[in-house]
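Structure file start-v5.txt; described as compact mmCIF, C-alpha atoms.
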```
# COMPACT_ATOMS: atom_id res chain seq x y z
CA MET G 2 84.97 66.69 107.58
CA ALA G 3 83.99 70.21 108.66
CA ALA G 4 85.70 69.75 112.01
CA ALA G 5 88.92 68.91 110.18
CA ALA G 6 88.73 72.24 108.34
CA ILE G 7 88.62 74.32 111.52
CA PRO G 8 92.33 73.93 112.41
CA LEU G 9 93.25 74.79 108.80
CA ILE G 10 91.08 77.90 108.88
CA VAL G 11 92.58 78.99 112.21
CA ALA G 12 96.12 78.32 110.93
CA GLY G 13 95.39 80.26 107.75
CA GLY G 14 94.11 83.21 109.78
CA ALA G 15 97.18 83.12 112.03
CA ILE G 16 99.53 82.93 109.06
CA GLY G 17 97.69 85.81 107.41
CA ALA G 18 97.99 87.87 110.59
CA ILE G 19 101.68 87.14 110.96
CA GLY G 20 102.26 87.94 107.29
CA ALA G 21 100.40 91.25 107.61
CA ILE G 22 102.44 92.29 110.64
CA ARG G 23 105.71 91.27 108.99
CA ALA G 24 104.79 93.23 105.85
CA GLY G 25 104.03 96.26 108.02
CA ASN G 26 107.34 95.95 109.83
CA VAL G 27 109.22 95.66 106.54
CA ALA G 28 107.40 98.69 105.14
CA GLN G 29 108.23 100.66 108.28
CA GLN G 30 111.91 99.65 108.09
CA GLN G 31 112.05 100.71 104.44
CA ALA G 32 110.40 104.02 105.30
CA GLU G 33 112.87 104.59 108.15
CA ALA G 34 115.77 103.86 105.79
CA GLN G 35 114.36 106.35 103.30
CA ALA G 36 113.91 108.91 106.08
CA ALA G 37 117.53 108.41 107.16
CA ALA G 38 118.71 108.88 103.57
CA ASP G 39 116.60 112.03 103.23
CA ARG G 40 118.02 113.42 106.50
CA ALA G 41 121.55 112.71 105.25
CA ASN G 42 120.74 114.49 101.98
CA ALA G 43 119.35 117.44 103.93
CA ALA G 44 122.53 117.66 106.00
CA GLN G 45 124.66 117.48 102.85
CA ALA G 46 122.62 120.22 101.19
CA GLU G 47 123.07 122.43 104.26
CA GLN G 48 126.83 121.79 104.15
CA ASN G 49 126.82 122.69 100.46
CA ALA G 50 125.03 125.94 101.31
CA GLN G 51 127.73 126.81 103.85
CA ILE G 52 130.49 125.92 101.40
CA SER G 53 128.83 128.04 98.72
CA LEU G 54 128.72 131.05 101.05
CA GLN G 55 132.35 130.53 102.08
CA GLN G 56 133.50 130.22 98.48
CA ALA G 57 131.57 133.34 97.50
CA ALA G 58 133.11 135.27 100.41
CA ALA G 59 136.59 134.15 99.33
CA LYS G 60 135.92 135.12 95.68
CA GLU G 61 134.49 138.46 96.80
CA SER G 62 137.57 139.12 98.90
CA GLN G 63 139.83 138.13 96.00
CA GLN G 64 137.86 140.45 93.69
CA ARG G 65 138.31 143.34 96.11
CA VAL G 66 142.08 142.71 96.32
CA GLN G 67 142.36 142.65 92.52
CA ALA G 68 140.24 145.81 92.28
CA ARG G 69 142.52 147.63 94.72
CA GLN G 70 145.52 146.56 92.64
CA VAL G 71 143.91 147.82 89.42
CA LEU G 72 142.89 151.10 91.06
CA GLY G 73 146.39 151.48 92.48
CA ALA G 74 147.90 150.92 89.04
CA GLN G 75 145.52 153.52 87.59
CA ARG G 76 146.47 156.07 90.26
CA ALA G 77 150.14 155.39 89.60
CA ALA G 78 149.63 155.88 85.86
CA ILE G 79 147.75 159.12 86.41
CA ALA G 80 150.43 160.40 88.78
CA GLN G 81 153.26 159.31 86.49
CA ASN G 82 151.74 161.03 83.46
CA ASP G 83 151.04 164.17 85.45
CA ILE G 84 147.44 164.27 84.17
CA GLY G 85 146.00 165.59 87.41
CA TRP G 86 143.19 164.25 89.54
CA GLY G 87 140.25 166.15 88.10
CA GLY G 88 138.09 165.77 85.01
CA THR G 89 138.50 162.62 82.98
CA ALA G 90 141.01 161.05 85.39
CA ALA G 91 138.57 161.42 88.29
CA ASP G 92 135.76 159.99 86.16
CA ILE G 93 137.89 156.99 85.18
CA MET G 94 138.88 156.35 88.80
CA SER G 95 135.28 156.71 90.01
CA GLN G 96 133.94 154.41 87.28
CA SER G 97 136.63 151.80 87.95
CA ALA G 98 135.88 151.82 91.69
CA ALA G 99 132.12 151.49 91.07
CA SER G 100 132.62 148.62 88.60
CA ALA G 101 134.95 146.82 91.01
CA GLU G 102 132.42 147.13 93.84
CA LEU G 103 129.62 145.92 91.59
CA ASP G 104 131.68 142.87 90.60
CA ALA G 105 132.32 142.05 94.27
CA LEU G 106 128.63 142.41 95.16
CA ASN G 107 127.61 140.22 92.20
CA ILE G 108 129.92 137.47 93.46
CA ARG G 109 128.31 137.70 96.90
CA TYR G 110 124.82 137.65 95.36
CA GLN G 111 125.59 134.56 93.26
CA GLY G 112 126.85 132.79 96.39
CA ASP G 113 123.68 133.75 98.26
CA ILE G 114 121.47 132.46 95.42
CA GLU G 115 123.39 129.17 95.28
CA ALA G 116 123.20 128.77 99.07
CA ARG G 117 119.48 129.51 98.99
CA GLY G 118 119.01 126.71 96.45
CA PHE G 119 120.91 124.28 98.67
CA ARG G 120 118.86 125.34 101.70
CA TYR G 121 115.64 124.83 99.75
CA GLN G 122 116.84 121.32 98.85
CA SER G 123 117.69 120.71 102.49
CA ALA G 124 114.18 121.76 103.53
CA MET G 125 112.63 119.47 100.91
CA ASP G 126 114.77 116.54 102.04
CA THR G 127 113.80 117.19 105.67
CA TYR G 128 110.13 117.27 104.65
CA ASN G 129 110.53 114.01 102.70
CA ALA G 130 112.17 112.39 105.73
CA LYS G 131 109.19 113.35 107.90
CA GLN G 132 106.75 112.05 105.28
CA ALA G 133 108.66 108.75 105.06
CA GLN G 134 108.47 108.35 108.82
CA ILE G 135 104.73 109.01 108.76
CA ALA G 136 104.27 106.50 105.93
CA GLY G 137 106.23 103.90 107.90
CA ALA G 138 104.15 104.43 111.02
CA ASN G 139 100.97 104.24 108.94
CA ALA G 140 102.15 101.01 107.27
CA LYS G 141 102.81 99.45 110.66
CA THR G 142 99.43 100.53 112.02
CA SER G 143 97.72 99.28 108.87
CA SER G 144 99.44 95.93 109.28
CA TYR G 145 97.83 95.51 112.71
CA PHE G 146 94.39 96.16 111.20
CA ASN G 147 95.13 93.70 108.40
CA ALA G 148 96.24 91.12 110.99
CA ALA G 149 93.08 91.68 112.99
CA GLY G 150 91.07 91.29 109.78
CA SER G 151 92.79 87.97 109.05
CA ILE G 152 92.03 86.71 112.54
CA LEU G 153 88.43 87.91 112.45
CA GLY G 154 87.99 86.45 108.97
CA ALA G 155 89.26 83.10 110.19
CA GLY G 156 86.93 83.33 113.19
CA GLY G 157 83.99 84.02 110.88
CA SER G 158 84.93 81.03 108.73
CA VAL G 159 85.14 78.80 111.80
CA ALA G 160 81.73 80.05 112.92
CA THR G 161 80.27 79.34 109.49
CA VAL G 162 81.70 75.82 109.39
CA SER G 163 80.51 75.17 112.96
CA ALA G 164 77.02 76.42 112.08
CA LEU G 165 76.84 73.98 109.20
CA ARG G 166 77.41 71.05 111.59
CA PRO G 167 74.55 70.82 114.09
CA ALA G 168 75.44 69.85 117.64
CA GLY G 169 75.43 66.14 118.37
CA THR G 170 76.23 65.07 114.81
CA SER G 171 79.42 63.95 113.20
CA GLY G 172 78.94 66.30 110.27
CA ALA G 173 78.41 63.67 107.56
CA GLY G 174 74.82 63.52 106.37
CA ALA G 175 73.51 66.04 108.95
CA GLN G 176 70.13 67.56 108.13
CA LEU G 177 70.07 71.29 107.38
CA GLY G 178 66.66 72.66 106.69
CA SER G 179 65.05 70.65 103.91
CA GLY G 180 68.32 69.33 102.43
CA SER G 181 71.04 67.11 103.78
CA TYR G 182 74.67 68.11 104.41
CA THR G 183 77.23 65.81 102.86
CA GLY G 184 80.44 67.71 103.49
CA ASN G 185 79.51 70.18 100.78
CA LEU G 186 78.69 73.78 101.68
CA PHE G 187 75.56 73.67 99.52
CA PRO G 188 72.51 71.66 100.73
CA THR G 189 71.19 69.09 98.26
CA GLY G 190 67.65 68.53 96.89
CA ARG G 191 64.28 68.02 98.50
```

Would you mind giving the structure from this file in structure tokens?
Amino acid sequence: MAAAAIPLIVAGGAIGAIGAIRAGNVAQQQAEAQAAADRANAAQAEQNAQISLQQAAAKESQQRVQARQVLGAQRAAIAQNDIGWGGTAADIMSQSAASAELDALNIRYQGDIEARGFRYQSAMDTYNAKQAQIAGANAKTSSYFNAAGSILGAGGSVATVSALRPAGTSGAGAQLGSGSYTGNLFPTGR
């Protein structure tokens, strides 16, 4: 009876080992897919950063054009009304130019802040991709240890079953110590 169990124990150990390796391979494939998705997200975030900077530069340029038009209209109004270029007129022109420049710089700053946020997201996605790859490699390595454990466990079970059946006996009714073995793992009475 014990001899019949040995092939089942070995098969169970082999199946456990194969299952552990397959589970590790699946975990690694899932981790690689996640890493690829994270790398794609990082690339998209970097593109968004570039787009943000380009849009801010275009808005800044547009703001400067509009500011020049407004300042030109103010100069024309001052010249047409023969107010002169000193005093209040000069203060108005100076204040308008400063406000226009400040508006343009604020547009640039907002674009820089937005791009910085996208770049931070890109860095986080790149980090997550690396962590996913590490997790996948660790899962695969762990699966080999689990497979080895299944094989060693099966080997230990075979050794235990073999030890219960003394050499030269068929296994049924073999004497073990003070009890007799009857196909049960526990010896019976004295």

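Taking atom CA of Ala46 of chain G and atom CA of Ser123 of chain G as endpoints, the distance between them is 5.1 Å.
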
Per residue of segment 66-150 of chain G within 8 Å of segment 49-61 of chain G, record the nearest atom pair and its distance in Å to one decimal, counting only C-alpha atoms, with rows in chain order and ascending residue number, as JSON lines.
```
{"residue": "G:Ala105", "atom": "CA", "partner": "G:Glu61", "partner_atom": "CA", "distance": 4.9}
{"residue": "G:Leu106", "atom": "CA", "partner": "G:Glu61", "partner_atom": "CA", "distance": 7.3}
{"residue": "G:Ile108", "atom": "CA", "partner": "G:Glu61", "partner_atom": "CA", "distance": 5.7}
{"residue": "G:Arg109", "atom": "CA", "partner": "G:Ala57", "partner_atom": "CA", "distance": 5.5}
{"residue": "G:Gln111", "atom": "CA", "partner": "G:Ala57", "partner_atom": "CA", "distance": 7.4}
{"residue": "G:Gly112", "atom": "CA", "partner": "G:Ala57", "partner_atom": "CA", "distance": 4.9}
{"residue": "G:Asp113", "atom": "CA", "partner": "G:Leu54", "partner_atom": "CA", "distance": 6.4}
{"residue": "G:Glu115", "atom": "CA", "partner": "G:Ser53", "partner_atom": "CA", "distance": 6.5}
{"residue": "G:Ala116", "atom": "CA", "partner": "G:Ala50", "partner_atom": "CA", "distance": 4.0}
{"residue": "G:Arg117", "atom": "CA", "partner": "G:Ala50", "partner_atom": "CA", "distance": 7.0}
{"residue": "G:Gly118", "atom": "CA", "partner": "G:Ala50", "partner_atom": "CA", "distance": 7.8}
{"residue": "G:Phe119", "atom": "CA", "partner": "G:Ala50", "partner_atom": "CA", "distance": 5.2}
{"residue": "G:Arg120", "atom": "CA", "partner": "G:Ala50", "partner_atom": "CA", "distance": 6.2}
```

Mind running segment 15-54 of chain G against segment 136-160 of chain G at 8 Å and telling me each contacting residue's nearest atom pair with the distance in Å (one decimal), counting only C-alpha atoms, chain and number ascending, as a tab-separated table?
```
residue	atom	partner	partner_atom	distance
G:Ala15	CA	G:Ile152	CA	6.3
G:Gly17	CA	G:Ser151	CA	5.6
G:Ala18	CA	G:Ala148	CA	3.7
G:Ile19	CA	G:Ala148	CA	6.7
G:Gly20	CA	G:Ala148	CA	7.7
G:Ala21	CA	G:Ser144	CA	5.1
G:Ile22	CA	G:Ser144	CA	4.9
G:Arg23	CA	G:Ser144	CA	7.8
G:Ala24	CA	G:Ser144	CA	6.9
G:Gly25	CA	G:Lys141	CA	4.3
G:Asn26	CA	G:Lys141	CA	5.8
G:Ala28	CA	G:Gly137	CA	6.0
G:Gln29	CA	G:Gly137	CA	3.8
G:Gln30	CA	G:Gly137	CA	7.1
G:Gln31	CA	G:Gly137	CA	7.5
G:Ala32	CA	G:Gly137	CA	4.9
G:Glu33	CA	G:Gly137	CA	6.7
```

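Comparing G:Ala36, G:Ala98, G:Ala130, G:Ile10 by their smallest distance to Val71 of chain G, the closest is G:Ala98 (using all atoms listed in the file).
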
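Going from atom CA of Met94 of chain G over to atom CA of Gln75 of chain G, you cover 7.3 Å.
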
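Between atom CA of Ala74 of chain G and atom CA of Ile93 of chain G lies a distance of 12.3 Å.
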
With 12 Å as the threshold, what does the neighbourhood of (147.6, 156.5, 89.9) contain in terms of residues, counting only C-alpha atoms? Coordinates are those of the file; answer as JSON, numbers by chain. {"G": [69, 70, 71, 72, 73, 74, 75, 76, 77, 78, 79, 80, 81, 82, 83, 84, 85, 86, 90, 91, 93, 94]}

Show which residues sit within 9 Å of segment 126-129 of chain G, as an MDAnalysis selection string. Count only C-alpha atoms, and ignore same-chain residues fewer than 4 positions away. chainID G and resid 35:36 38:44 46 121:122 133:134

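Among the candidate residues G:Ala68, G:Val162, G:Ile114, G:Val11, the one lying nearest to Ser100 of chain G is G:Ala68, with distances computed using all atoms listed in the file.
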